[in-house]
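Printed here is upload-v8.cif (mmCIF, C-alpha atoms):
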data_target
loop_
_atom_site.label_atom_id
_atom_site.label_comp_id
_atom_site.auth_asym_id
_atom_site.auth_seq_id
_atom_site.Cartn_x
_atom_site.Cartn_y
_atom_site.Cartn_z
CA MET A 25 45.74 25.92 35.14
CA ILE A 26 48.43 28.16 33.70
CA VAL A 27 48.47 29.00 30.01
CA SER A 28 51.60 30.74 28.88
CA GLY A 29 53.10 31.94 25.62
CA ALA A 30 54.53 34.97 23.82
CA GLY A 31 55.61 36.48 27.15
CA ILE A 32 52.06 36.37 28.49
CA THR A 33 51.04 34.13 31.39
CA VAL A 34 47.54 33.62 32.73
CA ASP A 35 46.62 31.54 35.74
CA LEU A 36 43.12 30.51 34.73
CA PRO A 37 40.52 29.71 37.40
CA PRO A 38 38.36 26.58 36.99
CA GLY A 39 35.85 26.86 34.17
CA TRP A 40 37.98 29.27 32.17
CA GLU A 41 39.97 28.30 29.14
CA GLY A 42 42.22 30.13 26.77
CA SER A 43 44.73 30.25 24.01
CA ILE A 44 47.74 32.39 23.25
CA ARG A 45 48.81 32.64 19.63
CA PRO A 46 52.45 33.64 19.32
CA PRO A 47 53.73 36.30 16.93
CA ALA A 48 54.58 35.12 13.43
CA THR A 49 55.57 36.32 10.00
CA LEU A 50 52.75 35.69 7.55
CA PRO A 51 53.38 34.38 4.02
CA ASP A 52 52.96 37.90 2.62
CA GLY A 53 55.72 39.13 4.93
CA ALA A 54 53.38 40.91 7.30
CA GLN A 55 54.00 40.59 11.02
CA ARG A 56 51.28 39.07 13.15
CA HIS A 57 51.51 39.86 16.84
CA SER A 58 50.31 37.81 19.77
CA VAL A 59 46.59 37.17 20.24
CA THR A 60 45.24 35.96 23.58
CA HIS A 61 41.70 34.68 24.02
CA LEU A 62 40.31 33.78 27.45
CA ALA A 63 36.74 32.60 27.98
CA ASN A 64 34.46 31.01 30.56
CA PHE A 65 32.71 28.99 27.84
CA PRO A 66 33.95 26.40 25.32
CA LEU A 67 36.13 28.28 22.86
CA PRO A 68 35.70 27.13 19.26
CA PRO A 69 39.10 26.41 17.72
CA VAL A 70 38.61 28.67 14.70
CA ARG A 71 38.29 32.30 15.75
CA GLY A 72 39.01 35.72 14.42
CA GLU A 73 41.39 38.00 16.28
CA TYR A 74 38.53 39.86 17.94
CA GLY A 75 36.75 36.64 18.78
CA SER A 76 34.47 36.21 15.79
CA GLY A 77 33.37 32.60 15.79
CA ALA A 78 33.38 32.60 19.59
CA VAL A 79 31.03 35.52 20.21
CA ASP A 80 28.40 33.83 18.03
CA ILE A 81 27.92 31.07 20.59
CA MET A 82 28.02 33.27 23.69
CA THR A 83 25.02 33.24 25.95
CA ASN A 84 23.98 34.66 29.30
CA GLY A 85 26.84 34.45 31.80
CA ASP A 86 29.53 34.09 29.15
CA ALA A 87 32.57 36.31 28.96
CA LEU A 88 35.36 36.60 26.42
CA ILE A 89 38.59 38.47 27.08
CA VAL A 90 40.76 39.34 24.07
CA LEU A 91 44.27 40.69 24.46
CA LEU A 92 45.44 41.79 21.05
CA GLU A 93 49.04 42.93 20.69
CA PHE A 94 50.09 45.65 18.28
CA GLY A 95 53.51 46.34 16.81
CA PRO A 96 56.25 47.81 19.01
CA GLU A 97 56.01 51.08 17.08
CA SER A 98 52.59 51.58 18.71
CA ALA A 99 53.87 51.28 22.27
CA GLY A 100 53.59 54.53 24.17
CA THR A 101 51.81 56.39 21.38
CA ALA A 102 48.78 58.52 22.23
CA LEU A 103 46.28 55.70 21.76
CA PHE A 104 48.33 53.31 23.87
CA ALA A 105 49.53 55.88 26.41
CA ASN A 106 47.55 54.49 29.34
CA SER A 107 48.61 51.62 31.56
CA ARG A 108 46.57 48.44 31.86
CA PRO A 109 43.29 49.06 33.70
CA PRO A 110 43.46 47.32 37.09
CA PHE A 111 39.79 46.33 36.80
CA LEU A 112 36.70 46.97 34.71
CA ARG A 113 33.42 48.51 35.86
CA ALA A 114 29.92 47.73 34.65
CA SER A 115 29.77 51.27 33.28
CA ASP A 116 32.75 50.52 31.02
CA PHE A 117 30.56 48.22 28.92
CA SER A 118 28.32 49.28 26.10
CA ARG A 119 26.18 47.60 23.49
CA ASP A 120 27.90 49.79 20.89
CA MET A 121 31.46 48.84 21.76
CA LEU A 122 31.42 45.56 19.89
CA GLN A 123 33.58 44.53 16.97
CA GLN A 124 30.75 42.27 15.86
CA ARG A 125 27.34 43.47 16.93
CA VAL A 126 25.28 40.66 18.42
CA GLU A 127 21.88 41.27 19.98
CA GLY A 128 22.11 41.21 23.77
CA HIS A 129 25.89 41.39 23.97
CA GLY A 130 27.95 44.15 25.51
CA GLY A 131 31.61 45.02 25.23
CA THR A 132 34.43 47.30 26.19
CA GLN A 133 37.75 48.15 24.66
CA ARG A 134 40.89 49.64 26.27
CA PHE A 135 44.30 50.36 24.79
CA PHE A 136 47.44 50.32 26.90
CA THR A 137 51.19 49.78 26.96
CA GLU A 138 52.89 47.37 29.33
CA GLY A 139 56.47 46.12 29.32
CA GLY A 140 57.12 48.19 26.19
CA ARG A 141 54.36 46.30 24.36
CA ALA A 142 51.14 47.80 22.99
CA PHE A 143 47.86 45.99 23.61
CA CYS A 144 44.16 46.30 23.02
CA LEU A 145 42.03 44.75 25.76
CA TYR A 146 38.63 43.82 24.36
CA VAL A 147 36.05 42.19 26.60
CA VAL A 148 32.65 40.87 25.51
CA VAL A 149 29.83 39.72 27.78
CA GLY A 150 27.06 37.45 26.52
CA ASP A 151 24.36 39.42 28.27
CA TYR A 152 24.76 43.17 28.61
CA ILE A 153 21.94 43.48 31.15
CA ASP A 154 23.40 40.86 33.49
CA ARG A 155 27.03 41.89 32.97
CA VAL A 156 27.52 42.55 36.68
CA ASP A 157 27.12 38.81 37.29
CA VAL A 158 30.33 38.02 35.40
CA LEU A 159 32.30 41.18 36.14
CA GLU A 160 33.93 39.81 39.28
CA SER A 161 35.07 36.74 37.38
CA ILE A 162 36.41 38.86 34.50
CA ASN A 163 38.37 41.10 36.88
CA ALA A 164 39.72 38.05 38.72
CA VAL A 165 41.09 36.67 35.44
CA LEU A 166 42.49 40.05 34.38
CA SER A 167 44.36 40.28 37.69
CA ARG A 168 45.97 36.91 36.91
CA VAL A 169 47.40 38.08 33.58
CA THR A 170 51.14 38.73 33.59
CA ILE A 171 52.85 40.47 30.68
CA GLU A 172 56.63 40.30 30.45
CA MET B 14 64.34 -49.26 3.60
CA THR B 15 61.55 -48.22 1.25
CA THR B 16 59.08 -48.46 4.12
CA LEU B 17 61.25 -46.14 6.25
CA VAL B 18 61.46 -43.56 3.45
CA VAL B 19 57.66 -43.67 3.01
CA ILE B 20 57.07 -43.26 6.77
CA GLU B 21 59.61 -40.40 6.89
CA GLY B 22 57.86 -38.77 3.94
CA ILE B 23 54.47 -39.04 5.63
CA VAL B 24 55.88 -37.55 8.87
CA ILE B 25 57.43 -34.66 6.92
CA VAL B 26 54.12 -33.99 5.13
CA LEU B 27 52.26 -34.06 8.45
CA LEU B 28 54.79 -31.65 10.00
CA LEU B 29 54.44 -29.33 7.01
CA ILE B 30 50.65 -29.35 7.42
CA LEU B 31 51.07 -28.61 11.14
CA VAL B 32 53.46 -25.71 10.49
CA ALA B 33 51.16 -24.27 7.80
CA GLY B 34 48.22 -24.51 10.19
CA LEU B 35 50.14 -22.73 12.95
CA LEU B 36 51.25 -19.98 10.57
CA ARG B 37 47.70 -19.48 9.37
CA SER B 38 46.38 -19.35 12.92
CA HIS B 39 49.09 -16.87 13.90
CA ALA B 40 48.28 -14.64 10.91
CA ASP B 41 44.61 -14.77 11.83
CA ILE B 42 45.36 -13.67 15.39
CA LEU B 43 47.53 -10.80 14.12
CA ARG B 44 44.80 -9.69 11.72
CA ARG B 45 42.24 -9.64 14.51
CA LEU B 46 44.56 -7.73 16.83
CA GLU B 47 45.22 -5.21 14.07
CA ALA B 48 41.48 -4.75 13.56
CA LEU B 49 41.07 -4.14 17.29
CA GLY B 50 43.63 -1.36 17.28
CA ALA B 51 46.76 -3.01 18.59
CA GLY B 52 49.26 -2.07 15.92
CA GLU B 53 52.90 -3.09 16.21
CA ASP B 54 53.73 0.38 17.45
CA THR B 55 51.11 0.65 20.13
CA PRO B 56 50.44 -1.29 23.27
CA ILE B 57 46.98 -2.74 23.80
CA PRO B 58 45.05 -0.62 26.27
CA HIS B 59 44.63 -2.27 29.65
CA SER B 60 40.92 -2.62 29.13
CA SER B 61 41.64 -4.50 25.88
CA ALA B 62 41.52 -2.73 22.58
CA ALA B 63 37.90 -3.56 21.91
CA SER B 64 36.44 -2.92 25.29
CA ILE B 65 34.32 0.05 26.14
CA THR B 66 33.65 0.99 29.70
CA SER B 67 31.30 3.45 31.24
CA THR B 68 32.37 4.80 34.60
CA PRO B 69 29.61 7.03 35.91
CA THR B 70 30.73 6.54 39.47
CA ARG B 71 33.98 8.45 39.07
CA THR B 72 33.77 11.82 40.68
CA GLU B 73 36.61 13.69 39.00
CA PRO B 74 37.99 13.89 35.48
CA ALA B 75 41.30 12.38 36.55
CA SER B 76 43.09 14.99 38.60
CA LEU B 77 42.83 17.86 36.14
CA SER B 78 40.34 20.70 36.01
CA SER B 79 41.65 21.53 32.57
CA ILE B 80 43.94 20.16 29.92
CA SER B 81 46.61 22.38 28.47
CA GLY B 82 49.65 22.40 26.25
CA PRO B 83 50.85 23.61 22.89
CA THR B 84 48.80 23.05 19.75
CA PRO B 85 50.46 21.72 16.58
CA TYR B 86 50.38 25.32 15.33
CA GLY B 87 52.46 26.63 18.22
CA ASP B 88 49.64 28.26 20.20
CA ALA B 89 49.39 27.67 23.93
CA ALA B 90 45.93 26.34 24.72
CA SER B 91 43.91 25.29 27.72
CA VAL B 92 40.52 23.54 27.71
CA ALA B 93 38.31 23.50 30.82
CA LEU B 94 37.16 20.10 32.05
CA THR B 95 35.13 21.35 35.01
CA ASP B 96 32.85 24.28 35.85
CA SER B 97 31.86 24.89 32.25
CA ARG B 98 29.15 23.33 30.11
CA GLY B 99 28.64 20.45 27.72
CA TYR B 100 30.84 17.42 27.32
CA VAL B 101 34.44 17.07 26.21
CA LEU B 102 35.44 13.97 24.31
CA LEU B 103 39.17 13.57 24.89
CA ALA B 104 40.62 11.52 22.04
CA PHE B 105 44.15 10.39 22.79
CA LEU B 106 45.71 9.63 19.41
CA SER B 107 49.19 9.22 17.97
CA SER B 108 50.55 9.67 14.48
CA GLY B 109 52.14 6.21 14.29
CA CYS B 110 49.28 4.04 15.51
CA SER B 111 47.56 2.35 12.58
CA THR B 112 44.11 2.21 14.18
CA CYS B 113 44.35 5.91 15.01
CA GLN B 114 44.38 6.69 11.27
CA THR B 115 40.69 5.77 11.14
CA PHE B 116 39.95 8.39 13.78
CA TRP B 117 42.24 11.07 12.33
CA LYS B 118 40.39 10.59 9.04
CA SER B 119 36.94 10.57 10.65
CA PHE B 120 37.63 13.75 12.60
CA ARG B 121 39.10 15.36 9.46
CA ASN B 122 36.01 14.40 7.49
CA GLY B 123 33.83 16.11 10.07
CA MET B 124 32.03 12.99 11.23
CA ASP B 125 29.14 13.93 13.48
CA LEU B 126 29.11 13.07 17.15
CA PRO B 127 25.79 11.82 18.52
CA LYS B 128 25.08 14.94 20.56
CA ALA B 129 25.58 18.60 19.67
CA ASN B 130 27.07 19.50 23.03
CA ILE B 131 29.99 17.08 22.82
CA ARG B 132 33.20 18.87 21.95
CA PRO B 133 36.02 16.67 20.67
CA VAL B 134 39.52 17.55 21.84
CA LEU B 135 42.39 15.61 20.29
CA VAL B 136 45.31 14.97 22.61
CA THR B 137 48.66 13.72 21.38
CA GLN B 138 51.94 13.34 23.19
CA GLY B 139 54.03 16.48 23.48
CA PRO B 140 56.33 17.94 20.82
CA GLU B 141 59.23 16.08 22.45
CA SER B 142 57.57 12.80 21.42
CA GLU B 143 55.43 13.71 18.40
CA SER B 144 56.23 15.86 15.40
CA PRO B 145 53.95 18.92 15.28
CA SER B 146 54.07 18.88 11.46
CA GLU B 147 52.92 15.23 11.44
CA ILE B 148 50.03 16.14 13.73
CA ARG B 149 49.22 19.23 11.63
CA SER B 150 48.88 16.99 8.58
CA ARG B 151 46.39 14.77 10.42
CA ALA B 152 44.40 16.98 12.78
CA PRO B 153 41.61 19.13 11.38
CA MET B 154 41.93 22.84 12.11
CA ASP B 155 38.38 23.06 13.44
CA ILE B 156 39.03 20.67 16.31
CA THR B 157 41.17 21.72 19.25
CA THR B 158 44.34 19.63 19.35
CA ILE B 159 46.67 19.70 22.33
CA MET B 160 50.12 18.11 22.50
CA SER B 161 50.90 17.25 26.10
CA ASN B 162 52.86 14.46 27.78
CA ASP B 163 51.61 15.73 31.13
CA ALA B 164 48.01 15.13 30.05
CA TRP B 165 48.87 11.57 29.01
CA ASP B 166 50.45 10.96 32.41
CA ALA B 167 47.59 12.57 34.31
CA PHE B 168 44.97 10.57 32.44
CA ARG B 169 47.11 7.41 32.60
CA VAL B 170 46.61 6.74 28.89
CA PRO B 171 47.30 3.03 28.40
CA GLY B 172 47.66 3.14 24.61
CA THR B 173 46.13 4.62 21.52
CA PRO B 174 43.45 5.16 20.48
CA TYR B 175 41.93 5.90 23.86
CA PHE B 176 38.93 8.05 24.72
CA GLN B 177 37.46 9.73 27.77
CA LEU B 178 34.11 11.46 27.83
CA VAL B 179 34.00 14.20 30.46
CA ASP B 180 30.80 15.79 31.72
CA VAL B 181 32.28 19.24 32.15
CA GLU B 182 29.39 20.69 34.12
CA ARG B 183 29.53 17.98 36.77
CA GLY B 184 33.28 17.39 36.54
CA LEU B 185 32.80 13.68 35.93
CA VAL B 186 34.42 11.20 33.61
CA VAL B 187 31.29 9.43 32.40
CA GLY B 188 32.97 6.99 30.04
CA GLU B 189 36.36 5.81 28.96
CA GLY B 190 37.94 3.11 26.88
CA SER B 191 39.30 2.21 23.52
CA ALA B 192 37.59 1.60 20.23
CA GLY B 193 38.83 0.26 16.93
CA THR B 194 36.25 1.91 14.73
CA TRP B 195 34.10 5.04 14.64
CA PRO B 196 30.86 3.10 15.33
CA ARG B 197 32.47 1.57 18.42
CA LEU B 198 33.35 5.05 19.62
CA MET B 199 29.74 6.09 19.10
CA ASP B 200 28.74 3.08 21.21
CA LEU B 201 31.01 4.33 23.98
CA ILE B 202 29.37 7.73 23.90
CA ASP B 203 25.86 6.30 23.76
CA ARG B 204 26.51 3.99 26.68
CA SER B 205 28.16 6.74 28.67
CA THR B 206 25.45 9.28 28.19
CA GLY B 207 22.44 6.99 28.15
CA ASP B 208 19.20 8.82 27.74
CA GLU B 209 20.44 11.86 29.55
CA SER B 210 19.00 15.13 28.43
CA PHE B 211 21.59 17.31 26.77
CA ASN B 212 21.80 21.07 26.93
CA PRO B 213 23.38 22.30 23.71
CA ILE B 214 26.55 24.29 24.35
CA ARG B 215 26.26 26.16 21.10
CA LEU B 216 23.04 27.87 22.04
CA GLY B 217 23.47 31.40 20.75
CA THR B 218 21.24 34.41 21.10
CA LYS B 219 19.46 33.68 17.82
CA GLN B 220 18.80 30.07 18.83
CA ARG B 221 17.49 31.17 22.20
CA GLN B 222 15.13 33.61 20.50
CA GLU B 223 13.96 30.85 18.18
CA ASP B 224 13.41 28.55 21.17
CA SER B 225 11.37 31.27 22.90
CA ASP B 226 9.32 31.86 19.74
CA GLU B 227 8.66 28.15 19.45
CA ALA B 228 7.60 27.90 23.11
CA LEU B 229 5.22 30.85 22.64
CA ARG B 230 3.79 29.33 19.46
CA ASP B 231 3.24 26.02 21.27
CA ALA B 232 1.37 27.94 23.96
CA GLY B 233 -0.84 29.49 21.29
CA ILE B 234 0.68 32.95 21.62
CA ALA B 235 1.31 34.56 18.26
CA PRO B 236 3.09 37.85 17.50
CA GLY B 237 0.91 40.75 18.64
CA ASP B 238 -1.09 38.58 21.03
CA PRO B 239 -2.90 40.89 23.52
CA SER B 240 -1.73 38.78 26.46
CA MET B 241 1.80 40.03 25.84
CA TYR B 242 0.72 43.60 26.46
CA ARG B 243 -1.80 43.07 29.26
CA ARG B 244 -0.99 44.80 32.51
CA ASP B 245 -2.15 42.98 35.58
CA ALA B 246 -3.24 45.23 38.36
#
Translate the structure described by the file into structure tokens.
Amino acid sequence: MIVSGAGITVDLPPGWEGSIRPPATLPDGAQRHSVTHLANFPLPPVRGEYGSGAVDIMTNGDALIVLLEFGPESAGTALFANSRPPFLRASDFSRDMLQQRVEGHGGTQRFFTEGGRAFCLYVVVGDYIDRVDVLESINAVLSRVTIE
Amino acid sequence: MTTLVVIEGIVIVLLLILVAGLLRSHADILRRLEALGAGEDTPIPHSSAASITSTPTRTEPASLSSISGPTPYGDAASVALTDSRGYVLLAFLSSGCSTCQTFWKSFRNGMDLPKANIRPVLVTQGPESESPSEIRSRAPMDITTIMSNDAWDAFRVPGTPYFQLVDVERGLVVGEGSAGTWPRLMDLIDRSTGDESFNPIRLGTKQRQEDSDEALRDAGIAPGDPSMYRRDA
């Protein structure tokens, strides 16, 4: 099933679900950029940008992929100089690379620019020790993400 | 002449009584239909507005492995209906249907579903048929709401309110039908799930640890128990 919005398209395999929040101007005038959440477990409707609310219910075998867009002024800067990683390795994950530390979880974070847009790719696994079990599925989903 | 006038008067009175009776009967029928969920603006579901059916023999949740579309807040969303865990209660509702108001209100008030692993997903017609602002004013933010005409077509929604309970793990529609009240909806879920054992979908790490602690306590193993440190040769 394809989920598409804000110039991002993902062809989700069975069992995966997702949401793409489009950019918007907040009441205080601040700009909010697109936020994409993809998961192989039931995503709660209320979530923080880095998946708070969702990570709390993650268990063994669960994976959450967050694609957080930054402002166009960030594109191509030193932090976002790399291109999107074609795949992730088990060694990319760490228990310390979590926005919200949860016992047993592991995560990884990559910054990149694609199509003139700056992104942070943040991936959380429900069980750090068994992360290899879901890595193939995570990489399959990442390969199905298209950014315009 | 007088006799004719009297007879005519009696006939008129009898006709008036007959008309009043018919009107009363008609009003009664309308009231009952309204109570069953067939408002003027909604067709009665094919299975009749009050009926509840359980269809455990179906092998697929319609033809979709997921349901997707825009939310009333403009997000694009997709919810898995196969190969995941727990149950999804698809609630097809509309803003104009009078019976649906009961369910909008119940969902907004956070009414509990009978099992913890049942996730409600509200499905309305797409933005071309429903006003997103109308849906925003009715749908609670903590329940996923998807606006999709395609989903209505795929699930062959006969009218609103209409519900389907999908066993996501097995990819089965285990119950479907309409209900006029929240208790009737609970009946649908109870009948559909029977006495099946449920695996909570919201089992987090902390809960799993608590479950393990409880299992150890039940087995008579307390913290620091020597058996936890014994090395078998």
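Note that the spacing between CA of Pro68 in chain A and CA of Asn130 in chain B amounts to 12.1 Å.
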At most 9 Å to chain A: residues in chain B, only C-alpha atoms, as an NGL selection string: :B and (77-82 or 86-99 or 132 or 154-158 or 181-182 or 214-219 or 221)
Would you be able to write out as a PyMOL selection string which residues have an atom within 10 Å of (53.5, 47.5, 30.8) in the file's coordinates, counting all atoms listed in the file? chain A and resi 99-100+106-108+136-143+170-172
Can you tell me, as a PyMOL selection string, what residues are no more than 12 Å from Phe168 in chain B when counting only C-alpha atoms, ignoring any on the same chain fewer than 3 positions away? chain B and resi 73-80+103-105+136+138+161-165+171-172+175-179+186+189-190
Just so the selection is clear, what residues does the PyMOL selection byres ((chain A and resi 116) around 9) cover here, as a PyMOL selection string? chain A and resi 112-115+117-118+131-133
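Atom pair CA of Asp125 in chain B / CA of Pro174 in chain B: separated by 18.2 Å.
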